[in-house]
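> I am attaching a structure below and will ask some questions about it afterwards.
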There are 2 protein chains.
Amino acid sequence: MEMIQLAKEAKKASIILASTATERKNLALKLIADYLMNHIDEIVKENEEDIRRSMEENLPEPLVKRLKFDRKKILDTVEGIKSLISLPDPVGKKLLATELDEGLTLYRVSCPIGVIGVIFESRPDALVQISTLCLKSGNAVLLKGGREAIRTNRILTELIQKATLEADIPQGWISLLESRDDVNQMLKLDKYIDLIIPRGSNEFVRYIMENSRIPVLGHADGICHCYVDSDADIKMAVDIVNDAKTQYVAVCNATETLLVHSAIASRFLPELKRKLDESNVELRGCERTQRIIEVKPASEEDWRTEYLDYILSVKIVDSIDEAIEHINTYGSGHTDAIITDNRGHAEKFMDLVDSGNVFWNCSTRFSDGFRYGFGAEVGISTSKIHARGPVGLDGLTIYKYKLIGKGHIVADYAEHRRTFKHRPLPLD
Amino acid sequence: MEMIQLAKEAKKASIILASTATERKNLALKLIADYLMNHIDEIVKENEEDIRRSMEENLPEPLVKRLKFDRKKILDTVEGIKSLISLPDPVGKKLLATELDEGLTLYRVSCPIGVIGVIFESRPDALVQISTLCLKSGNAVLLKGGREAIRTNRILTELIQKATLEADIPQGWISLLESRDDVNQMLKLDKYIDLIIPRGSNEFVRYIMENSRIPVLGHADGICHCYVDSDADIKMAVDIVNDAKTQYVAVCNATETLLVHSAIASRFLPELKRKLDESNVELRGCERTQRIIEVKPASEEDWRTEYLDYILSVKIVDSIDEAIEHINTYGSGHTDAIITDNRGHAEKFMDLVDSGNVFWNCSTRFSDGFRYGFGAEVGISTSKIHARGPVGLDGLTIYKYKLIGKGHIVADYAEHRRTFKHRPLPLD
């Protein structure tokens with residue numbers, strides 16, 4: 001089928017899905033889990049075929065690694081679906097209720113966004129994860145995967161289609177786009193797609209953000225900072241920076257740049273270096289840092305770089321204001337932490353740093369939907385509208401207003417025969 | 001100053017404005033009201049000059065009409081500012097609080113979006129209204145007005161700048177862009193502008209939406225429907241459709257298309273026509289409508305047209321499903337109403353019509369921030385993300401996460417020395 005036709009089908013299905021009962025959606029999720037388990041050998045076989053071909057074609061090793069969808073990963077994915085079933089339905093929640101006048105009642109009710117476009121490189125677990133999140137939140141989904149994962153993506157989509165059809169979810173709610181045209185086709189479907197969720201490398205996400213008018217939920221870079229204030233506890237600061245840098249380097253919430261107040265630098269930096277040397281972290285420092293510890297020189301480019309590696313850039317600043325300005329200039333609005341015993345400094349930092357997540361005396365690595373207790377994570381957003389920071393299921397919903405009257409007309413109010421009461425009603 | 005420089009200044013000011021106390025923002029609003037009142041004669045004089053020049057240049061009459069900012073309008077605008085002062089501050093609200101673990105507490109706190117771009121045709125009250133809404137919600141604002149209103153816009157911006165500077169609001173929080181380049185310059189400032197609010201004709205808004213990657217808050221068209229169901233009370237239906245069409249025709253929430261169930265059409269339509277004839281409403285009907293009442297024929301184009309005039313297109317449908325499908329195909333996602341005594345039909349309609357406002361037994365004209373009790377209206381949004389329907393001050397805010405620990409690191413949880421509690425805390 002043509003891409004445009006699939007998009008129209010998705011739009012149509014999304015209308016029905018928006019009012020599908022929670023029980024039916026959960027049944028469909030259970031059936032998806034069953035189908036994946038019952039066809040686990042076939043999935044693994046198709047995936048191995050994708051891997052074999054990709055290696056033959058000499059695709060880059062990290063890409064081939066991300067492509068892998070073995071029994072362990074499938075079992076993890078199925079576990080994820082089961083915990084998704086247990087989450088409350090984000091749709092149909094009464095968010096506001098007001099009696100505008102006698103017999104005229106306004107409700108703000110959560111509802112799905114509509115059609116979500118998912119664009120992902122390799123990693124087939126993203127396909128299952130995002131489409132089940134869409135299903136739970138009543139959204140239709142158009143998937144565009146990489147060519148390298150084509151066989152895996154096909155069998156996964158087919159299994160999800162079969163499972164959900166068995167639960168009477170309207171056909172067409174999920175489709176895999178396979179047009180030979182590249183991803184740009186999808187980015188133009190703004191008439192049918194309400195939101196795009198890209199999953200992949202930062203270059204990939206940045207490309208999508210820069211080439212579509214459809215709103216994008218996600219983040220390109222995670223250039224996170226720790227700022228060690230003049231009033232920091234040195235041991236705590238060493239532990240936090242060490243965790244933020246080395247606990248897992250390949251993730252968006254790992255710290256990439258350390259800012260240190262000049263009043264504490266000469267005591268703190270040698271302690272930190274001793275700790276980071278244990279993990280062989282490469283340090284790149286500003287000129288003043290170079291005078292205190294042995295580091296490579298940092299260039300302007302370092303302040304803008306997401307290493308995703310055992311590398312940390314270090315800059316000494318003379319005030320908290322300089323730290324905040326540095327973060328707001330070079331950061332990516334993702335996650336930034338201050339380490340200090342001074343409440344006033346901490347509050348200033350959290351107020352003035354313009355990032356989705358601002359932390360006081362804890363590691364930037366906590367910035368995550370599961371750690372926040374959201375139960376499922378759609379992604380981490382650095383957008384300034386709709387959803388920011390780790391996004392749970394709620395991020396896939398919006399709301400509509402329902403106004404229920406008994407023949408009410410505006411003329412009665414415009415001509416002062418009636419007046420509005422605007423009495424807030426309790427939300428049940 | 002260069003446009004890009006003004007944008008940078010706005011970004012910088014927005015950081016400070018984000019943590020400015022409510023009292024200071026309210027003081028600034030009061031001073032704006034005072035400045036406008038104290039310079040009312042000068043404003044009127046500048047505005048008259050704009051009008052004189054525009055008439056000389058033979059600009060279209062509706063545009064010149066919208067341009068008018070006389071004493072009465074200035075007084076109304078000042079009243080609006082005073083009621084804005086009395087509204088609660090939308091910034092700094094605790095939206096979620098969770099104890100992740102002992103001594104590690106997460107807060108979701110509302111905050112401003114950042115820099116709002118406002119693009120408006122003529123109407124100078126839009127300048128004052130939107131910029132005071134931005135100030136109250138802690139956002140910086142870049143204004144781009146029409147050349148026809150240049151003198152009015154200049155004096156208004158200057159007065160607002162002086163008033164807010166007196167209240168120590170950072171300079172640069174508001175700027176008027178006057179570059180000779182057209183509006184397209186501003187649409188490209190996505191690095192500095194987080195949201196655009198366009199005010200003007202629907203062609204104008206549509207142009208903006210289609211030519212910027214910056215998110216747009218607003219609506220191009222208001223193609224609103226009334227659907228008179230088979231189970232409708234005929235007198236109620238006549239009153240509601242009459243109000244929805246004629247109470248004020250030039251607005252986005254006026255009804256443009258009437259859908260009537262075939263089972264009630266022959267009884268309802270003659271009654272309706274009698275009523276609408278009193279206001280000389282021109283009716284354009286489908287073929288079946290033409291057999292019941294005397295109407296002009298409606299073309300496919302009519303279903304897509306926002307008349308903003310005493311014109312109503314009429315179509316007979318054979319089921320509620322056909323009505324819903326028509327609305328989801330030709331509507332603009334703004335406001336649609338069903339008139340029926342059947343609760344099941346009403347609920348189906350409100351669930352399946354994909355619009356920001358879905359009404360049962362009341363006029364589409366109620367779709368409005370003031371009538372909803374929001375106290376101030378940023379605009380009506382037909383977007384599917386961030387804010388939908390009438391948008392109050394809250395629509396100019398987003399949130400950030402603040403996480404406060406005591407030296408917490410992720411390694412302790414990853415290595416199972418500690419586990420998350422995720423205990424919800426009361427919101428004060």
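Residues are named by chain letter and number: chains run A, B, ... in the order of the structure tokens, numbers start at 1 in each chain, and ligands are numbered from 1 in the order shown.
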List as a ChimeraX atom specification the protein and nucleic acid residues near segment 4-9 of chain A, meaning an atom at most 12 Å away when only C-alpha atoms are counted, but skip any in the same chain fewer than 3 places from it.
/A:1,12-16,114-117,140-144,170-179,185-194 /B:329
> With N, CA, C and O atoms retained, write the just-selected residues as a short mmCIF file (atom, residue, chain, number, x, y, z; two decimals), in the first residue's frame.

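File produced: selection.cif:
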data_model
loop_
_atom_site.label_atom_id
_atom_site.label_comp_id
_atom_site.auth_asym_id
_atom_site.auth_seq_id
_atom_site.Cartn_x
_atom_site.Cartn_y
_atom_site.Cartn_z
N MET A 1 0.84 -1.18 0.00
CA MET A 1 0.00 0.00 0.00
C MET A 1 0.89 1.25 0.00
O MET A 1 1.96 1.26 0.57
N LYS A 12 -7.82 7.07 10.54
CA LYS A 12 -9.16 6.51 10.73
C LYS A 12 -9.18 5.60 11.97
O LYS A 12 -10.08 5.69 12.80
N ALA A 13 -8.18 4.74 12.05
CA ALA A 13 -8.12 3.81 13.19
C ALA A 13 -7.96 4.58 14.50
O ALA A 13 -8.49 4.19 15.54
N SER A 14 -7.23 5.70 14.44
CA SER A 14 -6.96 6.45 15.68
C SER A 14 -8.24 6.97 16.31
O SER A 14 -8.33 7.10 17.53
N ILE A 15 -9.23 7.28 15.46
CA ILE A 15 -10.50 7.79 15.98
C ILE A 15 -11.19 6.72 16.83
O ILE A 15 -11.68 6.99 17.93
N ILE A 16 -11.18 5.49 16.31
CA ILE A 16 -11.83 4.39 17.05
C ILE A 16 -11.01 4.05 18.29
O ILE A 16 -11.55 3.85 19.38
N GLY A 114 -3.38 11.11 18.67
CA GLY A 114 -3.88 10.74 17.34
C GLY A 114 -3.00 9.73 16.67
O GLY A 114 -3.06 8.54 16.95
N VAL A 115 -2.15 10.21 15.76
CA VAL A 115 -1.24 9.32 15.04
C VAL A 115 0.20 9.70 15.40
O VAL A 115 0.60 10.85 15.25
N ILE A 116 0.95 8.73 15.88
CA ILE A 116 2.35 8.96 16.25
C ILE A 116 3.24 8.34 15.17
O ILE A 116 3.05 7.20 14.78
N GLY A 117 4.18 9.10 14.69
CA GLY A 117 5.17 8.57 13.76
C GLY A 117 6.42 8.19 14.52
O GLY A 117 6.93 8.99 15.29
N ALA A 140 -2.72 5.66 17.24
CA ALA A 140 -2.27 4.86 16.11
C ALA A 140 -0.80 5.17 15.86
O ALA A 140 -0.29 6.20 16.29
N VAL A 141 -0.11 4.26 15.15
CA VAL A 141 1.33 4.44 15.00
C VAL A 141 1.81 4.05 13.60
O VAL A 141 1.38 3.04 13.04
N LEU A 142 2.63 4.91 13.04
CA LEU A 142 3.29 4.61 11.78
C LEU A 142 4.77 4.42 12.06
O LEU A 142 5.40 5.31 12.63
N LEU A 143 5.30 3.28 11.68
CA LEU A 143 6.68 2.95 12.01
C LEU A 143 7.55 3.05 10.78
O LEU A 143 7.18 2.58 9.69
N LYS A 144 8.72 3.65 10.96
CA LYS A 144 9.69 3.67 9.87
C LYS A 144 11.01 3.22 10.46
O LYS A 144 11.63 3.93 11.25
N PRO A 170 -8.90 -1.80 15.69
CA PRO A 170 -9.08 -1.58 14.24
C PRO A 170 -7.80 -1.78 13.44
O PRO A 170 -6.75 -1.24 13.81
N GLN A 171 -7.90 -2.55 12.37
CA GLN A 171 -6.77 -2.77 11.48
C GLN A 171 -6.28 -1.39 10.99
O GLN A 171 -7.06 -0.46 10.89
N GLY A 172 -5.04 -1.32 10.73
CA GLY A 172 -4.51 -0.04 10.24
C GLY A 172 -4.01 0.84 11.36
O GLY A 172 -3.42 1.89 11.12
N TRP A 173 -4.22 0.44 12.62
CA TRP A 173 -3.73 1.28 13.74
C TRP A 173 -2.21 1.26 13.77
O TRP A 173 -1.59 2.19 14.29
N ILE A 174 -1.62 0.19 13.20
CA ILE A 174 -0.16 0.12 13.16
C ILE A 174 0.28 -0.29 11.75
O ILE A 174 -0.28 -1.21 11.16
N SER A 175 1.24 0.43 11.22
CA SER A 175 1.77 0.06 9.90
C SER A 175 3.26 0.30 9.86
O SER A 175 3.77 1.23 10.49
N LEU A 176 3.92 -0.56 9.11
CA LEU A 176 5.36 -0.41 8.89
C LEU A 176 5.55 0.22 7.53
O LEU A 176 5.06 -0.29 6.52
N LEU A 177 6.21 1.36 7.48
CA LEU A 177 6.45 2.02 6.21
C LEU A 177 7.74 1.46 5.61
O LEU A 177 8.77 1.41 6.28
N GLU A 178 7.65 1.06 4.37
CA GLU A 178 8.81 0.42 3.76
C GLU A 178 9.15 1.03 2.43
O GLU A 178 9.86 0.44 1.63
N SER A 179 8.59 2.19 2.18
CA SER A 179 8.83 2.83 0.90
C SER A 179 10.33 2.97 0.68
O SER A 179 11.11 3.16 1.59
N GLN A 185 10.02 11.24 3.31
CA GLN A 185 8.61 11.06 2.97
C GLN A 185 7.74 11.21 4.22
O GLN A 185 6.73 11.90 4.22
N MET A 186 8.14 10.50 5.25
CA MET A 186 7.34 10.48 6.47
C MET A 186 7.29 11.86 7.13
O MET A 186 6.26 12.26 7.67
N LEU A 187 8.41 12.58 7.05
CA LEU A 187 8.48 13.88 7.71
C LEU A 187 7.53 14.88 7.08
O LEU A 187 7.24 15.92 7.65
N LYS A 188 7.04 14.55 5.87
CA LYS A 188 6.13 15.47 5.18
C LYS A 188 4.66 15.16 5.44
O LYS A 188 3.78 15.90 5.01
N LEU A 189 4.38 14.05 6.13
CA LEU A 189 2.99 13.64 6.33
C LEU A 189 2.33 14.39 7.49
O LEU A 189 1.59 13.81 8.28
N ASP A 190 2.58 15.68 7.57
CA ASP A 190 2.09 16.43 8.73
C ASP A 190 0.57 16.54 8.75
O ASP A 190 -0.01 16.89 9.78
N LYS A 191 -0.07 16.21 7.65
CA LYS A 191 -1.53 16.23 7.66
C LYS A 191 -2.09 15.05 8.46
O LYS A 191 -3.20 15.09 8.97
N TYR A 192 -1.31 13.99 8.55
CA TYR A 192 -1.81 12.77 9.20
C TYR A 192 -1.08 12.43 10.49
O TYR A 192 -1.63 11.76 11.35
N ILE A 193 0.18 12.85 10.59
CA ILE A 193 0.96 12.49 11.77
C ILE A 193 1.01 13.68 12.73
O ILE A 193 1.36 14.79 12.33
N ASP A 194 0.64 13.44 13.98
CA ASP A 194 0.54 14.53 14.95
C ASP A 194 1.82 14.73 15.75
O ASP A 194 2.03 15.80 16.33
N THR B 329 -13.62 14.89 8.66
CA THR B 329 -13.03 15.10 7.33
C THR B 329 -12.91 16.59 7.00
O THR B 329 -11.87 17.05 6.55
#
> Show me, as a tab-separated table (two decimals) with N, CA, C and O atoms, in the first residue's frame, the residues of chain A whose atoms get within 7 Å of chain B, using only C-alpha atoms for the distance check.

chain	number	residue	atom	x	y	z
A	15	ILE	N	-9.23	7.28	15.46
A	15	ILE	CA	-10.50	7.79	15.98
A	15	ILE	C	-11.19	6.72	16.83
A	15	ILE	O	-11.68	6.99	17.93
A	16	ILE	N	-11.18	5.49	16.31
A	16	ILE	CA	-11.83	4.39	17.05
A	16	ILE	C	-11.01	4.05	18.29
A	16	ILE	O	-11.55	3.85	19.38
A	19	SER	N	-11.52	5.84	21.64
A	19	SER	CA	-12.61	5.53	22.58
A	19	SER	C	-12.68	4.03	22.86
A	19	SER	O	-13.73	3.51	23.24
A	100	LEU	N	-20.29	25.97	34.61
A	100	LEU	CA	-20.27	27.33	34.06
A	100	LEU	C	-21.53	28.07	34.50
A	100	LEU	O	-21.50	29.27	34.76
A	113	ILE	N	-3.33	11.63	21.43
A	113	ILE	CA	-2.93	12.68	20.49
A	113	ILE	C	-3.43	12.37	19.09
A	113	ILE	O	-3.90	13.24	18.39
A	194	ASP	N	0.64	13.44	13.98
A	194	ASP	CA	0.54	14.53	14.95
A	194	ASP	C	1.82	14.73	15.75
A	194	ASP	O	2.03	15.80	16.33
A	213	ARG	N	8.10	19.66	10.04
A	213	ARG	CA	7.25	20.62	10.73
A	213	ARG	C	6.38	19.91	11.77
A	213	ARG	O	5.68	20.54	12.55
A	236	MET	N	31.25	14.26	48.91
A	236	MET	CA	29.99	14.09	48.18
A	236	MET	C	30.17	14.47	46.71
A	236	MET	O	29.70	13.78	45.81
A	240	ILE	N	29.49	12.06	43.51
A	240	ILE	CA	28.44	12.37	42.53
A	240	ILE	C	29.03	12.53	41.13
A	240	ILE	O	28.52	11.96	40.16
A	243	ASP	N	29.97	9.18	39.73
A	243	ASP	CA	28.79	8.42	39.31
A	243	ASP	C	28.22	9.00	38.01
A	243	ASP	O	27.91	8.27	37.06
A	247	GLN	N	29.21	5.88	35.75
A	247	GLN	CA	28.31	4.76	36.04
A	247	GLN	C	27.84	4.09	34.74
A	247	GLN	O	27.68	2.89	34.68
A	350	MET	N	18.71	25.96	40.49
A	350	MET	CA	17.55	25.22	39.95
A	350	MET	C	16.55	26.14	39.27
A	350	MET	O	15.87	25.76	38.34
A	351	ASP	N	16.48	27.40	39.74
A	351	ASP	CA	15.57	28.35	39.10
A	351	ASP	C	16.11	28.87	37.77
A	351	ASP	O	15.37	29.03	36.81
A	352	LEU	N	17.41	29.14	37.72
A	352	LEU	CA	17.95	29.87	36.57
A	352	LEU	C	18.53	28.96	35.48
A	352	LEU	O	18.71	29.40	34.35
A	356	GLY	N	15.38	20.81	31.50
A	356	GLY	CA	14.22	20.02	31.91
A	356	GLY	C	14.40	19.41	33.29
A	356	GLY	O	13.42	19.18	34.01
A	357	ASN	N	15.64	19.11	33.66
A	357	ASN	CA	15.92	18.48	34.94
A	357	ASN	C	17.05	19.23	35.62
A	357	ASN	O	18.16	19.32	35.06
A	358	VAL	N	16.79	19.76	36.81
A	358	VAL	CA	17.81	20.50	37.55
A	358	VAL	C	17.92	19.85	38.93
A	358	VAL	O	16.94	19.72	39.65
A	359	PHE	N	19.15	19.41	39.27
A	359	PHE	CA	19.35	18.57	40.44
A	359	PHE	C	20.22	19.26	41.49
A	359	PHE	O	21.11	20.03	41.16
A	360	TRP	N	19.99	18.89	42.72
A	360	TRP	CA	20.78	19.39	43.84
A	360	TRP	C	21.31	18.19	44.63
A	360	TRP	O	20.53	17.39	45.14
A	361	ASN	N	22.61	18.09	44.70
A	361	ASN	CA	23.28	17.04	45.48
A	361	ASN	C	22.86	15.62	45.09
A	361	ASN	O	22.60	14.77	45.95
A	362	CYS	N	22.76	15.37	43.80
A	362	CYS	CA	22.58	13.99	43.34
A	362	CYS	C	23.07	13.90	41.89
A	362	CYS	O	23.29	14.92	41.24
A	363	SER	N	23.23	12.69	41.43
A	363	SER	CA	23.85	12.44	40.12
A	363	SER	C	22.90	12.73	38.96
A	363	SER	O	21.71	12.42	39.02
A	365	ARG	N	22.60	11.10	36.47
A	365	ARG	CA	22.14	9.81	35.96
A	365	ARG	C	20.74	9.44	36.45
A	365	ARG	O	20.12	8.51	35.95
A	366	PHE	N	20.19	10.17	37.44
A	366	PHE	CA	18.83	9.87	37.92
A	366	PHE	C	17.75	10.32	36.94
A	366	PHE	O	16.58	9.99	37.12
A	372	TYR	N	12.26	7.95	37.98
A	372	TYR	CA	11.28	8.95	38.45
A	372	TYR	C	9.98	8.28	38.90
A	372	TYR	O	9.09	8.95	39.43
A	373	GLY	N	9.83	6.98	38.58
A	373	GLY	CA	8.61	6.27	39.00
A	373	GLY	C	7.46	6.39	38.01
A	373	GLY	O	6.31	6.19	38.36
A	384	LYS	N	10.53	22.68	24.68
A	384	LYS	CA	10.03	23.63	25.66
A	384	LYS	C	8.51	23.62	25.74
A	384	LYS	O	7.93	24.37	26.52
A	385	ILE	N	7.85	22.82	24.89
A	385	ILE	CA	6.39	22.74	25.02
A	385	ILE	C	5.96	21.29	25.14
A	385	ILE	O	6.73	20.37	24.91
A	386	HIS	N	4.73	21.10	25.53
A	386	HIS	CA	4.04	19.81	25.64
A	386	HIS	C	4.58	18.91	26.75
A	386	HIS	O	3.89	18.66	27.72
A	388	ARG	N	8.36	17.73	28.90
A	388	ARG	CA	9.77	18.07	29.11
A	388	ARG	C	10.36	17.09	30.12
A	388	ARG	O	9.67	16.65	31.03
A	398	ILE	N	-3.28	14.23	25.08
A	398	ILE	CA	-3.62	15.64	25.16
A	398	ILE	C	-5.00	15.65	25.82
A	398	ILE	O	-5.35	14.68	26.49
A	399	TYR	N	-5.77	16.70	25.64
A	399	TYR	CA	-7.10	16.68	26.25
A	399	TYR	C	-8.09	17.30	25.29
A	399	TYR	O	-7.72	17.94	24.30
A	400	LYS	N	-9.36	17.08	25.54
A	400	LYS	CA	-10.40	17.79	24.82
A	400	LYS	C	-11.39	18.32	25.86
A	400	LYS	O	-11.45	17.81	26.99
A	401	TYR	N	-12.11	19.38	25.47
A	401	TYR	CA	-13.14	19.92	26.36
A	401	TYR	C	-14.49	19.36	25.96
A	401	TYR	O	-14.84	19.37	24.79
A	402	LYS	N	-15.24	18.87	26.97
A	402	LYS	CA	-16.61	18.45	26.74
A	402	LYS	C	-17.50	19.42	27.50
A	402	LYS	O	-17.30	19.62	28.70
A	403	LEU	N	-18.43	20.02	26.78
A	403	LEU	CA	-19.36	20.95	27.43
A	403	LEU	C	-20.77	20.40	27.27
A	403	LEU	O	-21.22	20.12	26.16
A	404	ILE	N	-21.45	20.22	28.39
A	404	ILE	CA	-22.77	19.58	28.38
A	404	ILE	C	-23.80	20.56	28.91
A	404	ILE	O	-23.69	21.04	30.04
A	405	GLY	N	-24.78	20.87	28.05
A	405	GLY	CA	-25.79	21.84	28.44
A	405	GLY	C	-27.20	21.28	28.32
A	405	GLY	O	-27.41	20.08	28.13
A	406	LYS	N	-28.16	22.16	28.45
A	406	LYS	CA	-29.57	21.78	28.32
A	406	LYS	C	-30.26	22.75	27.38
A	406	LYS	O	-31.37	23.22	27.67
A	407	GLY	N	-29.57	23.09	26.31
A	407	GLY	CA	-30.12	24.06	25.37
A	407	GLY	C	-29.53	25.45	25.57
A	407	GLY	O	-30.08	26.43	25.07
A	408	HIS	N	-28.44	25.55	26.28
A	408	HIS	CA	-27.84	26.85	26.57
A	408	HIS	C	-27.34	27.57	25.31
A	408	HIS	O	-26.73	26.95	24.43
A	409	ILE	N	-27.61	28.87	25.25
A	409	ILE	CA	-27.15	29.70	24.14
A	409	ILE	C	-26.38	30.91	24.68
A	409	ILE	O	-26.62	31.35	25.81
A	410	VAL	N	-25.47	31.42	23.87
A	410	VAL	CA	-24.58	32.51	24.30
A	410	VAL	C	-25.32	33.85	24.40
A	410	VAL	O	-25.01	34.68	25.26
A	411	ALA	N	-26.35	34.02	23.56
A	411	ALA	CA	-27.09	35.29	23.57
A	411	ALA	C	-27.60	35.63	24.97
A	411	ALA	O	-27.59	36.80	25.38
A	422	HIS	N	-19.15	29.77	37.06
A	422	HIS	CA	-17.76	29.25	37.12
A	422	HIS	C	-17.44	28.60	38.46
A	422	HIS	O	-16.46	28.94	39.11
> Neighbouring residues of Glu301 of chain A were defined as those with any atom within 12 Å, considering only C-alpha atoms; residues of the same chain fewer than 6 positions away were excluded. Please report them as a list of chain:residue names.
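The filter keeps A:Thr257, A:Arg284, A:Cys286, A:Tyr307, A:Ser313, A:Tyr330.
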> Based on the backbone DSSP call, show me all residues of segment 155-274 of chain A assigned strand (DSSP E), as a list in words.
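In segment 155-274 of chain A, DSSP puts these residues in strand (DSSP E): Ile174, Ser175, Leu176, Leu195, Ile196, Ile197, Pro198, Arg199, Cys224, His225, Cys226, Tyr227, Val228, Thr255, Glu256, Thr257, Leu258, Leu259, Val260 and His261 of chain A.
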> Please produce an output containing N, CA, C and O atoms for each residue in the selection, written as a compact mmCIF listing (two decimals), in the first residue's frame.

# COMPACT_ATOMS: atom_id res chain seq x y z
N ILE A 174 -1.62 0.19 13.20
CA ILE A 174 -0.16 0.12 13.16
C ILE A 174 0.28 -0.29 11.75
O ILE A 174 -0.28 -1.21 11.16
N SER A 175 1.24 0.43 11.22
CA SER A 175 1.77 0.06 9.90
C SER A 175 3.26 0.30 9.86
O SER A 175 3.77 1.23 10.49
N LEU A 176 3.92 -0.56 9.11
CA LEU A 176 5.36 -0.41 8.89
C LEU A 176 5.55 0.22 7.53
O LEU A 176 5.06 -0.29 6.52
N LEU A 195 2.63 13.69 15.85
CA LEU A 195 3.83 13.77 16.68
C LEU A 195 4.82 12.73 16.18
O LEU A 195 4.43 11.62 15.82
N ILE A 196 6.09 13.10 16.16
CA ILE A 196 7.12 12.14 15.76
C ILE A 196 8.02 11.83 16.94
O ILE A 196 8.44 12.73 17.67
N ILE A 197 8.27 10.54 17.14
CA ILE A 197 9.22 10.12 18.16
C ILE A 197 10.39 9.45 17.45
O ILE A 197 10.23 8.37 16.88
N PRO A 198 11.54 10.10 17.45
CA PRO A 198 12.71 9.48 16.80
C PRO A 198 13.54 8.73 17.83
O PRO A 198 13.71 9.20 18.96
N ARG A 199 14.03 7.57 17.44
CA ARG A 199 14.90 6.81 18.32
C ARG A 199 16.17 6.46 17.56
O ARG A 199 16.10 5.78 16.52
N CYS A 224 25.15 17.22 29.66
CA CYS A 224 24.80 17.45 31.06
C CYS A 224 26.01 17.95 31.84
O CYS A 224 27.15 17.62 31.52
N HIS A 225 25.72 18.76 32.86
CA HIS A 225 26.78 19.36 33.67
C HIS A 225 26.62 19.01 35.14
O HIS A 225 25.51 18.89 35.64
N CYS A 226 27.78 18.91 35.82
CA CYS A 226 27.79 19.01 37.28
C CYS A 226 28.52 20.30 37.62
O CYS A 226 29.59 20.58 37.06
N TYR A 227 27.95 21.07 38.52
CA TYR A 227 28.63 22.28 39.01
C TYR A 227 28.96 22.08 40.49
O TYR A 227 28.06 21.92 41.32
N VAL A 228 30.25 22.06 40.78
CA VAL A 228 30.69 21.92 42.17
C VAL A 228 30.91 23.32 42.73
O VAL A 228 31.83 24.04 42.35
N THR A 255 27.18 12.88 32.71
CA THR A 255 27.74 14.23 32.70
C THR A 255 28.90 14.34 31.72
O THR A 255 29.75 13.44 31.65
N GLU A 256 28.93 15.42 30.96
CA GLU A 256 29.99 15.62 29.97
C GLU A 256 30.93 16.75 30.36
O GLU A 256 32.10 16.74 30.00
N THR A 257 30.41 17.74 31.10
CA THR A 257 31.24 18.87 31.51
C THR A 257 31.10 19.12 33.00
O THR A 257 29.98 19.13 33.53
N LEU A 258 32.24 19.33 33.64
CA LEU A 258 32.27 19.65 35.06
C LEU A 258 32.65 21.12 35.22
O LEU A 258 33.64 21.58 34.63
N LEU A 259 31.87 21.85 35.99
CA LEU A 259 32.20 23.23 36.32
C LEU A 259 32.56 23.27 37.80
O LEU A 259 31.87 22.67 38.63
N VAL A 260 33.66 23.95 38.13
CA VAL A 260 34.12 23.98 39.52
C VAL A 260 34.36 25.42 39.94
O VAL A 260 34.99 26.20 39.21
N HIS A 261 33.86 25.79 41.12
CA HIS A 261 34.09 27.14 41.63
C HIS A 261 35.57 27.28 42.00
O HIS A 261 36.15 26.38 42.60
> Taking only C-alpha atoms into account, which of A:Val183, A:Leu269, A:Pro62, A:Ile327 comes nearest Ser201 of chain A?
A:Pro62
> Would you mind reading off the distance between atom CA of Phe349 of chain B and atom CA of Ile320 of chain B, one decimal, in Å?
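Separating atom CA of Phe349 of chain B from atom CA of Ile320 of chain B is a distance of 7.5 Å.
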> Mind giving me the straight-line distance from atom CA of Lys68 of chain B to atom CA of Glu415 of chain A in Å, one decimal?
25.0 Å
> Can you work out the spacing between atom CA of Ile160 of chain B and atom CA of Lys73 of chain B in Å, to one decimal?
16.7 Å
> Run DSSP on the backbone and tell me which residues of segment 4-176 of chain A come out as alpha helix (DSSP H); list them as JSON, numbers by chain.
{"A": [4, 5, 6, 7, 8, 9, 10, 11, 12, 13, 14, 15, 16, 17, 22, 23, 24, 25, 26, 27, 28, 29, 30, 31, 32, 33, 34, 35, 36, 37, 38, 40, 41, 42, 43, 44, 45, 46, 47, 48, 49, 50, 51, 52, 53, 54, 55, 56, 61, 62, 63, 64, 65, 66, 67, 71, 72, 73, 74, 75, 76, 77, 78, 79, 80, 81, 82, 83, 84, 85, 86, 124, 125, 126, 127, 128, 129, 130, 131, 132, 133, 134, 135, 136, 150, 151, 152, 153, 154, 155, 156, 157, 158, 159, 160, 161, 162, 163, 164, 165, 166]}
